[in-house]
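Below is upload-v1.txt, holding compact mmCIF, N, CA and C atoms.
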# COMPACT_ATOMS: atom_id res chain seq x y z
N GLN A 8 73.92 50.07 71.28
CA GLN A 8 73.26 49.95 69.99
C GLN A 8 73.04 48.48 69.64
N GLU A 9 74.06 47.65 69.96
CA GLU A 9 73.93 46.22 69.68
C GLU A 9 72.80 45.60 70.49
N LYS A 10 72.71 46.01 71.75
CA LYS A 10 71.66 45.47 72.61
C LYS A 10 70.29 45.93 72.11
N GLY A 11 70.23 47.16 71.64
CA GLY A 11 68.98 47.67 71.09
C GLY A 11 68.56 46.89 69.86
N ARG A 12 69.50 46.54 68.98
CA ARG A 12 69.20 45.74 67.79
C ARG A 12 68.73 44.33 68.19
N GLU A 13 69.44 43.77 69.16
CA GLU A 13 69.07 42.42 69.61
C GLU A 13 67.67 42.41 70.20
N ILE A 14 67.35 43.45 70.99
CA ILE A 14 65.99 43.56 71.56
C ILE A 14 64.98 43.65 70.42
N GLY A 15 65.30 44.45 69.42
CA GLY A 15 64.39 44.60 68.27
C GLY A 15 64.17 43.28 67.55
N ILE A 16 65.24 42.53 67.33
CA ILE A 16 65.12 41.24 66.63
C ILE A 16 64.29 40.27 67.45
N LEU A 17 64.58 40.19 68.75
CA LEU A 17 63.84 39.25 69.60
C LEU A 17 62.37 39.65 69.70
N SER A 18 62.11 40.95 69.82
CA SER A 18 60.72 41.41 69.90
C SER A 18 59.99 41.09 68.61
N GLN A 19 60.67 41.25 67.48
CA GLN A 19 60.05 40.97 66.18
C GLN A 19 59.69 39.48 66.08
N LYS A 20 60.61 38.61 66.53
CA LYS A 20 60.36 37.17 66.50
C LYS A 20 59.13 36.83 67.34
N LEU A 21 59.03 37.49 68.52
CA LEU A 21 57.88 37.22 69.38
C LEU A 21 56.58 37.68 68.71
N MET A 22 56.63 38.84 68.07
CA MET A 22 55.41 39.36 67.45
C MET A 22 55.03 38.57 66.20
N ASP A 23 56.02 38.08 65.47
CA ASP A 23 55.73 37.33 64.25
C ASP A 23 55.33 35.88 64.53
N ASN A 24 55.30 35.53 65.79
CA ASN A 24 54.98 34.16 66.19
C ASN A 24 55.93 33.15 65.56
N ALA A 25 57.19 33.59 65.33
CA ALA A 25 58.20 32.69 64.77
C ALA A 25 58.61 31.66 65.81
N VAL A 26 58.39 32.02 67.06
CA VAL A 26 58.73 31.10 68.14
C VAL A 26 57.41 30.45 68.58
N LYS A 27 57.38 29.12 68.55
CA LYS A 27 56.13 28.41 68.80
C LYS A 27 55.94 28.00 70.27
N SER A 28 56.95 27.54 70.89
CA SER A 28 56.75 27.00 72.23
C SER A 28 56.75 28.13 73.27
N ASP A 29 55.95 27.90 74.30
CA ASP A 29 55.85 28.88 75.38
C ASP A 29 57.18 29.02 76.11
N GLU A 30 57.89 27.90 76.18
CA GLU A 30 59.19 27.91 76.85
C GLU A 30 60.17 28.83 76.11
N GLU A 31 60.18 28.73 74.80
CA GLU A 31 61.06 29.60 73.99
C GLU A 31 60.63 31.06 74.13
N LYS A 32 59.30 31.25 74.16
CA LYS A 32 58.78 32.62 74.31
C LYS A 32 59.21 33.21 75.65
N ASP A 33 59.15 32.39 76.71
CA ASP A 33 59.56 32.85 78.03
C ASP A 33 61.05 33.19 78.05
N VAL A 34 61.85 32.32 77.42
CA VAL A 34 63.29 32.56 77.37
C VAL A 34 63.58 33.86 76.62
N LEU A 35 62.89 34.04 75.48
CA LEU A 35 63.10 35.27 74.68
C LEU A 35 62.61 36.51 75.44
N ALA A 36 61.49 36.40 76.12
CA ALA A 36 60.95 37.53 76.89
C ALA A 36 61.90 37.91 78.02
N LYS A 37 62.45 36.88 78.71
CA LYS A 37 63.42 37.14 79.79
C LYS A 37 64.67 37.80 79.22
N ARG A 38 65.11 37.28 78.07
CA ARG A 38 66.32 37.87 77.44
C ARG A 38 66.04 39.32 77.05
N CYS A 39 64.84 39.58 76.50
CA CYS A 39 64.47 40.95 76.14
C CYS A 39 64.47 41.85 77.38
N SER A 40 63.90 41.36 78.47
CA SER A 40 63.85 42.13 79.72
C SER A 40 65.26 42.39 80.24
N GLN A 41 66.10 41.38 80.16
CA GLN A 41 67.49 41.53 80.62
C GLN A 41 68.22 42.56 79.77
N LEU A 42 68.04 42.44 78.45
CA LEU A 42 68.70 43.38 77.55
C LEU A 42 68.18 44.82 77.76
N GLU A 43 66.87 44.96 77.99
CA GLU A 43 66.30 46.28 78.25
C GLU A 43 66.87 46.88 79.53
N ALA A 44 67.02 46.02 80.56
CA ALA A 44 67.60 46.48 81.83
C ALA A 44 69.05 46.93 81.61
N GLU A 45 69.81 46.13 80.85
CA GLU A 45 71.20 46.49 80.56
C GLU A 45 71.27 47.78 79.74
N LEU A 46 70.34 47.90 78.80
CA LEU A 46 70.28 49.11 77.97
C LEU A 46 69.97 50.34 78.82
N ASN A 47 69.01 50.21 79.72
CA ASN A 47 68.68 51.33 80.62
C ASN A 47 69.86 51.69 81.51
N GLU A 48 70.53 50.65 81.98
CA GLU A 48 71.72 50.87 82.82
C GLU A 48 72.79 51.62 82.02
N ALA A 49 72.98 51.20 80.77
CA ALA A 49 73.98 51.85 79.91
C ALA A 49 73.58 53.31 79.64
N LYS A 50 72.28 53.55 79.42
CA LYS A 50 71.81 54.93 79.20
C LYS A 50 72.05 55.79 80.44
N THR A 51 71.76 55.22 81.62
CA THR A 51 71.98 55.93 82.87
C THR A 51 73.46 56.26 83.04
N SER A 52 74.30 55.27 82.76
CA SER A 52 75.75 55.47 82.86
C SER A 52 76.21 56.54 81.87
N LEU A 53 75.65 56.50 80.66
CA LEU A 53 75.99 57.50 79.65
C LEU A 53 75.57 58.90 80.10
N ASN A 54 74.38 59.02 80.68
CA ASN A 54 73.92 60.31 81.19
C ASN A 54 74.84 60.83 82.29
N GLU A 55 75.25 59.92 83.19
CA GLU A 55 76.17 60.31 84.26
C GLU A 55 77.50 60.80 83.68
N MET A 56 77.99 60.07 82.68
CA MET A 56 79.25 60.46 82.03
C MET A 56 79.12 61.83 81.37
N GLU A 57 77.98 62.03 80.68
CA GLU A 57 77.76 63.33 80.03
C GLU A 57 77.70 64.45 81.07
N TRP A 58 77.06 64.17 82.21
CA TRP A 58 77.00 65.17 83.27
C TRP A 58 78.40 65.48 83.80
N LYS A 59 79.20 64.40 84.02
CA LYS A 59 80.57 64.58 84.51
C LYS A 59 81.40 65.36 83.49
N ILE A 60 81.23 65.04 82.21
CA ILE A 60 81.96 65.77 81.16
C ILE A 60 81.57 67.25 81.19
N GLY A 61 80.27 67.49 81.35
CA GLY A 61 79.80 68.88 81.45
C GLY A 61 80.42 69.60 82.63
N SER A 62 80.51 68.91 83.77
CA SER A 62 81.12 69.50 84.97
C SER A 62 82.60 69.78 84.74
N VAL A 63 83.28 68.84 84.10
CA VAL A 63 84.71 69.02 83.82
C VAL A 63 84.91 70.19 82.84
N GLU A 64 84.05 70.26 81.82
CA GLU A 64 84.15 71.37 80.86
C GLU A 64 83.91 72.70 81.55
N GLU A 65 82.94 72.73 82.46
CA GLU A 65 82.65 73.96 83.21
C GLU A 65 83.84 74.35 84.08
N ALA A 66 84.41 73.36 84.77
CA ALA A 66 85.59 73.63 85.60
C ALA A 66 86.76 74.10 84.75
N LEU A 67 86.92 73.49 83.58
CA LEU A 67 87.99 73.90 82.66
C LEU A 67 87.79 75.34 82.22
N GLN A 68 86.55 75.71 81.91
CA GLN A 68 86.28 77.09 81.50
C GLN A 68 86.57 78.06 82.65
N GLU A 69 86.18 77.67 83.87
CA GLU A 69 86.48 78.52 85.03
C GLU A 69 87.99 78.68 85.21
N ALA A 70 88.72 77.58 85.00
CA ALA A 70 90.18 77.65 85.12
C ALA A 70 90.77 78.56 84.04
N LYS A 71 90.24 78.46 82.83
CA LYS A 71 90.71 79.34 81.74
C LYS A 71 90.41 80.81 82.06
N ASP A 72 89.22 81.05 82.60
CA ASP A 72 88.86 82.42 82.98
C ASP A 72 89.80 82.94 84.07
N ALA A 73 90.06 82.10 85.07
CA ALA A 73 90.98 82.49 86.15
C ALA A 73 92.37 82.74 85.60
N GLN A 74 92.81 81.90 84.67
CA GLN A 74 94.13 82.09 84.06
C GLN A 74 94.16 83.43 83.32
N GLY A 75 93.08 83.74 82.61
CA GLY A 75 93.01 85.03 81.90
C GLY A 75 93.11 86.20 82.87
N ARG A 76 92.40 86.08 84.00
CA ARG A 76 92.46 87.17 84.99
C ARG A 76 93.87 87.29 85.55
N LEU A 77 94.51 86.15 85.81
CA LEU A 77 95.89 86.19 86.33
C LEU A 77 96.84 86.80 85.31
N GLU A 78 96.66 86.46 84.04
CA GLU A 78 97.51 87.04 83.00
C GLU A 78 97.29 88.55 82.91
N ASP A 79 96.03 88.98 83.04
CA ASP A 79 95.74 90.41 83.03
C ASP A 79 96.43 91.11 84.20
N ARG A 80 96.36 90.49 85.39
CA ARG A 80 97.01 91.07 86.56
C ARG A 80 98.53 91.11 86.38
N LEU A 81 99.06 90.07 85.78
CA LEU A 81 100.51 90.01 85.53
C LEU A 81 100.93 91.13 84.60
N GLU A 82 100.15 91.34 83.53
CA GLU A 82 100.45 92.44 82.60
C GLU A 82 100.37 93.79 83.32
N GLU A 83 99.34 93.97 84.13
CA GLU A 83 99.18 95.23 84.87
C GLU A 83 100.35 95.43 85.82
N SER A 84 100.76 94.36 86.50
CA SER A 84 101.90 94.45 87.41
C SER A 84 103.18 94.82 86.65
N ALA A 85 103.34 94.25 85.47
CA ALA A 85 104.53 94.56 84.66
C ALA A 85 104.51 96.03 84.25
N ARG A 86 103.33 96.53 83.87
CA ARG A 86 103.22 97.96 83.51
C ARG A 86 103.53 98.85 84.72
N GLU A 87 102.99 98.47 85.89
CA GLU A 87 103.25 99.25 87.10
C GLU A 87 104.74 99.23 87.44
N LYS A 88 105.36 98.07 87.31
CA LYS A 88 106.79 97.94 87.61
C LYS A 88 107.60 98.84 86.67
N LEU A 89 107.26 98.81 85.38
CA LEU A 89 107.97 99.65 84.42
C LEU A 89 107.78 101.13 84.76
N SER A 90 106.55 101.50 85.11
CA SER A 90 106.27 102.88 85.49
C SER A 90 107.09 103.29 86.71
N LEU A 91 107.15 102.41 87.71
CA LEU A 91 107.92 102.70 88.92
C LEU A 91 109.42 102.80 88.62
N GLU A 92 109.90 101.95 87.73
CA GLU A 92 111.32 102.01 87.37
C GLU A 92 111.64 103.33 86.66
N LEU A 93 110.74 103.77 85.78
CA LEU A 93 110.94 105.05 85.09
C LEU A 93 110.93 106.20 86.10
N GLU A 94 109.98 106.13 87.03
CA GLU A 94 109.90 107.17 88.07
C GLU A 94 111.17 107.16 88.92
N LYS A 95 111.66 105.97 89.26
CA LYS A 95 112.88 105.83 90.06
C LYS A 95 114.06 106.45 89.30
N ASN A 96 114.16 106.16 88.00
CA ASN A 96 115.25 106.73 87.20
C ASN A 96 115.18 108.26 87.18
N ASP A 97 113.96 108.79 87.02
CA ASP A 97 113.80 110.25 87.05
C ASP A 97 114.24 110.83 88.38
N LEU A 98 113.84 110.18 89.47
CA LEU A 98 114.22 110.67 90.80
C LEU A 98 115.74 110.58 91.01
N GLN A 99 116.34 109.50 90.50
CA GLN A 99 117.80 109.38 90.63
C GLN A 99 118.49 110.50 89.86
N LYS A 100 117.98 110.84 88.69
CA LYS A 100 118.56 111.94 87.91
C LYS A 100 118.41 113.26 88.68
N LYS A 101 117.25 113.48 89.27
CA LYS A 101 117.02 114.71 90.03
C LYS A 101 117.96 114.78 91.24
N VAL A 102 118.11 113.66 91.94
CA VAL A 102 119.01 113.62 93.10
C VAL A 102 120.44 113.92 92.66
N ALA A 103 120.86 113.34 91.54
CA ALA A 103 122.21 113.57 91.04
C ALA A 103 122.41 115.05 90.69
N GLN A 104 121.40 115.66 90.07
CA GLN A 104 121.50 117.08 89.72
C GLN A 104 121.54 117.94 90.98
N ILE A 105 120.69 117.63 91.95
CA ILE A 105 120.68 118.38 93.21
C ILE A 105 122.03 118.24 93.91
N THR A 106 122.60 117.04 93.89
CA THR A 106 123.91 116.80 94.51
C THR A 106 124.99 117.62 93.81
N ARG A 107 124.96 117.63 92.47
CA ARG A 107 125.95 118.44 91.73
C ARG A 107 125.80 119.92 92.06
N ASP A 108 124.54 120.38 92.07
CA ASP A 108 124.29 121.80 92.39
C ASP A 108 124.79 122.13 93.80
N ALA A 109 124.53 121.22 94.76
CA ALA A 109 124.96 121.45 96.14
C ALA A 109 126.49 121.46 96.22
N ASP A 110 127.15 120.57 95.47
CA ASP A 110 128.62 120.55 95.46
C ASP A 110 129.18 121.87 94.93
N VAL A 111 128.58 122.37 93.85
CA VAL A 111 129.03 123.65 93.28
C VAL A 111 128.83 124.77 94.29
N LYS A 112 127.67 124.80 94.95
CA LYS A 112 127.41 125.84 95.95
C LYS A 112 128.39 125.73 97.11
N MET A 113 128.68 124.50 97.56
CA MET A 113 129.61 124.32 98.68
C MET A 113 131.01 124.80 98.28
N GLU A 114 131.42 124.50 97.06
CA GLU A 114 132.74 124.96 96.60
C GLU A 114 132.78 126.48 96.55
N SER A 115 131.68 127.05 96.05
CA SER A 115 131.61 128.52 95.97
C SER A 115 131.65 129.12 97.37
N ARG A 116 130.89 128.55 98.31
CA ARG A 116 130.87 129.05 99.69
C ARG A 116 132.24 128.86 100.35
N ALA A 117 132.88 127.75 100.04
CA ALA A 117 134.21 127.51 100.62
C ALA A 117 135.19 128.56 100.12
N ALA A 118 135.09 128.92 98.82
CA ALA A 118 135.97 129.96 98.26
C ALA A 118 135.65 131.30 98.91
N GLU A 119 134.36 131.59 99.09
CA GLU A 119 133.97 132.84 99.74
C GLU A 119 134.48 132.89 101.17
N LEU A 120 134.36 131.76 101.88
CA LEU A 120 134.84 131.69 103.26
C LEU A 120 136.35 131.88 103.32
N GLU A 121 137.06 131.27 102.39
CA GLU A 121 138.52 131.42 102.33
C GLU A 121 138.89 132.88 102.11
N LEU A 122 138.18 133.51 101.19
CA LEU A 122 138.44 134.93 100.89
C LEU A 122 138.12 135.78 102.12
N ALA A 123 136.98 135.49 102.76
CA ALA A 123 136.60 136.25 103.95
C ALA A 123 137.62 136.04 105.06
N THR A 124 138.10 134.82 105.24
CA THR A 124 139.11 134.52 106.25
C THR A 124 140.39 135.28 105.95
N SER A 125 140.76 135.29 104.69
CA SER A 125 141.97 136.01 104.28
C SER A 125 141.82 137.50 104.56
N LYS A 126 140.68 138.08 104.20
CA LYS A 126 140.45 139.50 104.45
C LYS A 126 140.42 139.79 105.94
N SER A 127 139.82 138.86 106.70
CA SER A 127 139.77 139.02 108.14
C SER A 127 141.17 139.03 108.73
N SER A 128 142.03 138.12 108.23
CA SER A 128 143.42 138.07 108.71
C SER A 128 144.13 139.37 108.36
N GLU A 129 143.92 139.86 107.16
CA GLU A 129 144.55 141.13 106.75
C GLU A 129 144.06 142.27 107.63
N ALA A 130 142.76 142.25 107.89
CA ALA A 130 142.21 143.31 108.74
C ALA A 130 142.79 143.22 110.15
N GLU A 131 142.93 142.01 110.69
CA GLU A 131 143.50 141.84 112.03
C GLU A 131 144.94 142.34 112.05
N GLU A 132 145.69 142.05 110.98
CA GLU A 132 147.07 142.53 110.90
C GLU A 132 147.11 144.05 110.90
N LYS A 133 146.21 144.65 110.11
CA LYS A 133 146.16 146.12 110.05
C LYS A 133 145.78 146.70 111.40
N VAL A 134 144.80 146.04 112.08
CA VAL A 134 144.39 146.51 113.41
C VAL A 134 145.58 146.43 114.35
N ALA A 135 146.32 145.30 114.28
CA ALA A 135 147.49 145.13 115.14
C ALA A 135 148.53 146.21 114.83
N GLN A 136 148.71 146.51 113.54
CA GLN A 136 149.66 147.57 113.15
C GLN A 136 149.20 148.91 113.71
N TYR A 137 147.91 149.21 113.52
CA TYR A 137 147.39 150.49 113.99
C TYR A 137 147.50 150.58 115.51
N GLU A 138 147.21 149.52 116.20
CA GLU A 138 147.33 149.53 117.65
C GLU A 138 148.78 149.76 118.06
N GLY A 139 149.69 149.08 117.35
CA GLY A 139 151.12 149.26 117.62
C GLY A 139 151.53 150.70 117.37
N GLU A 140 151.03 151.28 116.28
CA GLU A 140 151.38 152.66 115.96
C GLU A 140 150.77 153.62 117.00
N ILE A 141 149.53 153.29 117.43
CA ILE A 141 148.89 154.13 118.45
C ILE A 141 149.71 154.08 119.73
N VAL A 142 150.16 152.92 120.11
CA VAL A 142 150.95 152.77 121.32
C VAL A 142 152.26 153.56 121.15
N ARG A 143 152.90 153.46 120.00
CA ARG A 143 154.16 154.16 119.76
C ARG A 143 153.94 155.69 119.80
N LEU A 144 152.83 156.10 119.17
CA LEU A 144 152.55 157.55 119.16
C LEU A 144 152.26 158.05 120.57
N ARG A 145 151.62 157.30 121.39
CA ARG A 145 151.34 157.70 122.76
C ARG A 145 152.64 157.80 123.56
N GLU A 146 153.49 156.86 123.27
CA GLU A 146 154.74 156.88 124.00
C GLU A 146 155.57 158.10 123.59
N GLU A 147 155.46 158.45 122.33
CA GLU A 147 156.21 159.62 121.86
C GLU A 147 155.63 160.90 122.44
N ASN A 148 154.36 160.93 122.63
CA ASN A 148 153.71 162.13 123.11
C ASN A 148 153.92 162.19 124.58
Represent the structure from my file as structure tokens, please.
Amino acid sequence: QEKGREIGILSQKLMDNAVKSDEEKDVLAKRCSQLEAELNEAKTSLNEMEWKIGSVEEALQEAKDAQGRLEDRLEESAREKLSLELEKNDLQKKVAQITRDADVKMESRAAELELATSKSSEAEEKVAQYEGEIVRLREEN
């Protein structure tokens, strides 16, 4: 802005013929040209900076979008994990119930087997008695 004002002042002096000598006019014209070149250079640099800022802002937005997607995936993973944990707990409860039921059945079968074994032993004793009596009766006859 300062260079632009200086160019304006120098240009005005040249147009108002406030500068009389050709040498002064040449010096002012060269200074104006130099200032214009510097001003153009500054504008170019400013445009480049604005472009870079735009690129950085775009990259920042992309990063924010990616972060949002990652947060969404993280939330989904947390929900899936919770769902799997609940399912695991349900399965553990079912396994525990099946195990208890199997234990009760095994105890019942063990009692039945014990009773059957006892009856079998009694029956074998009776068979042995009957065989002994049959042998005795044959001997008597």
(request) Work out how far apart atom C of Glu43 in chain A and atom N of Ile14 in chain A are and give it in Å to one decimal. (result)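 Rounded to one decimal, the two atoms are 9.2 Å apart.
If you look at atom N of Glu9 in chain A and CA of Leu42 in chain A, they are 10.2 Å away from each other.
Computed from the coordinates, the CA of Gly15 in chain A to CA of Lys50 in chain A distance equals 16.8 Å.
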(request) Would you please work out which residue, of A:Ala44, A:Val111, A:Ala36, A:Leu53, is nearest to Gly11 in chain A when using only C-alpha atoms? (result) A:Ala44
What would range 114-137 of chain A look like with N, CA, C and O atoms restored, written as a short mmCIF file (atom, residue, chain, number, x, y, z; two decimals), in the coordinates of the input?
data_model
loop_
_atom_site.label_atom_id
_atom_site.label_comp_id
_atom_site.auth_asym_id
_atom_site.auth_seq_id
_atom_site.Cartn_x
_atom_site.Cartn_y
_atom_site.Cartn_z
N GLU A 114 131.42 124.50 97.06
CA GLU A 114 132.74 124.96 96.60
C GLU A 114 132.78 126.48 96.55
O GLU A 114 133.76 127.10 96.96
N SER A 115 131.68 127.05 96.05
CA SER A 115 131.61 128.52 95.97
C SER A 115 131.65 129.12 97.37
O SER A 115 132.38 130.10 97.62
N ARG A 116 130.89 128.55 98.31
CA ARG A 116 130.87 129.05 99.69
C ARG A 116 132.24 128.86 100.35
O ARG A 116 132.70 129.73 101.10
N ALA A 117 132.88 127.75 100.04
CA ALA A 117 134.21 127.51 100.62
C ALA A 117 135.19 128.56 100.12
O ALA A 117 136.01 129.10 100.89
N ALA A 118 135.09 128.92 98.82
CA ALA A 118 135.97 129.96 98.26
C ALA A 118 135.65 131.30 98.91
O ALA A 118 136.57 132.07 99.25
N GLU A 119 134.36 131.59 99.09
CA GLU A 119 133.97 132.84 99.74
C GLU A 119 134.48 132.89 101.17
O GLU A 119 134.96 133.93 101.64
N LEU A 120 134.36 131.76 101.88
CA LEU A 120 134.84 131.69 103.26
C LEU A 120 136.35 131.88 103.32
O LEU A 120 136.86 132.60 104.19
N GLU A 121 137.06 131.27 102.39
CA GLU A 121 138.52 131.42 102.33
C GLU A 121 138.89 132.88 102.11
O GLU A 121 139.78 133.43 102.76
N LEU A 122 138.18 133.51 101.19
CA LEU A 122 138.44 134.93 100.89
C LEU A 122 138.12 135.78 102.12
O LEU A 122 138.90 136.66 102.49
N ALA A 123 136.98 135.49 102.76
CA ALA A 123 136.60 136.25 103.95
C ALA A 123 137.62 136.04 105.06
O ALA A 123 137.98 136.99 105.78
N THR A 124 138.10 134.82 105.24
CA THR A 124 139.11 134.52 106.25
C THR A 124 140.39 135.28 105.95
O THR A 124 141.02 135.86 106.85
N SER A 125 140.76 135.29 104.69
CA SER A 125 141.97 136.01 104.28
C SER A 125 141.82 137.50 104.56
O SER A 125 142.74 138.14 105.11
N LYS A 126 140.68 138.08 104.20
CA LYS A 126 140.45 139.50 104.45
C LYS A 126 140.42 139.79 105.94
O LYS A 126 140.91 140.82 106.40
N SER A 127 139.82 138.86 106.70
CA SER A 127 139.77 139.02 108.14
C SER A 127 141.17 139.03 108.73
O SER A 127 141.49 139.84 109.60
N SER A 128 142.03 138.12 108.23
CA SER A 128 143.42 138.07 108.71
C SER A 128 144.13 139.37 108.36
O SER A 128 144.87 139.92 109.19
N GLU A 129 143.92 139.86 107.16
CA GLU A 129 144.55 141.13 106.75
C GLU A 129 144.06 142.27 107.63
O GLU A 129 144.85 143.12 108.06
N ALA A 130 142.76 142.25 107.89
CA ALA A 130 142.21 143.31 108.74
C ALA A 130 142.79 143.22 110.15
O ALA A 130 143.10 144.25 110.77
N GLU A 131 142.93 142.01 110.69
CA GLU A 131 143.50 141.84 112.03
C GLU A 131 144.94 142.34 112.05
O GLU A 131 145.38 142.96 113.03
N GLU A 132 145.69 142.05 110.98
CA GLU A 132 147.07 142.53 110.90
C GLU A 132 147.11 144.05 110.90
O GLU A 132 147.93 144.67 111.58
N LYS A 133 146.21 144.65 110.11
CA LYS A 133 146.16 146.12 110.05
C LYS A 133 145.78 146.70 111.40
O LYS A 133 146.34 147.69 111.85
N VAL A 134 144.80 146.04 112.08
CA VAL A 134 144.39 146.51 113.41
C VAL A 134 145.58 146.43 114.35
O VAL A 134 145.86 147.36 115.12
N ALA A 135 146.32 145.30 114.28
CA ALA A 135 147.49 145.13 115.14
C ALA A 135 148.53 146.21 114.83
O ALA A 135 149.15 146.78 115.74
N GLN A 136 148.71 146.51 113.54
CA GLN A 136 149.66 147.57 113.15
C GLN A 136 149.20 148.91 113.71
O GLN A 136 150.00 149.68 114.26
N TYR A 137 147.91 149.21 113.52
CA TYR A 137 147.39 150.49 113.99
C TYR A 137 147.50 150.58 115.51
O TYR A 137 147.85 151.64 116.05
#
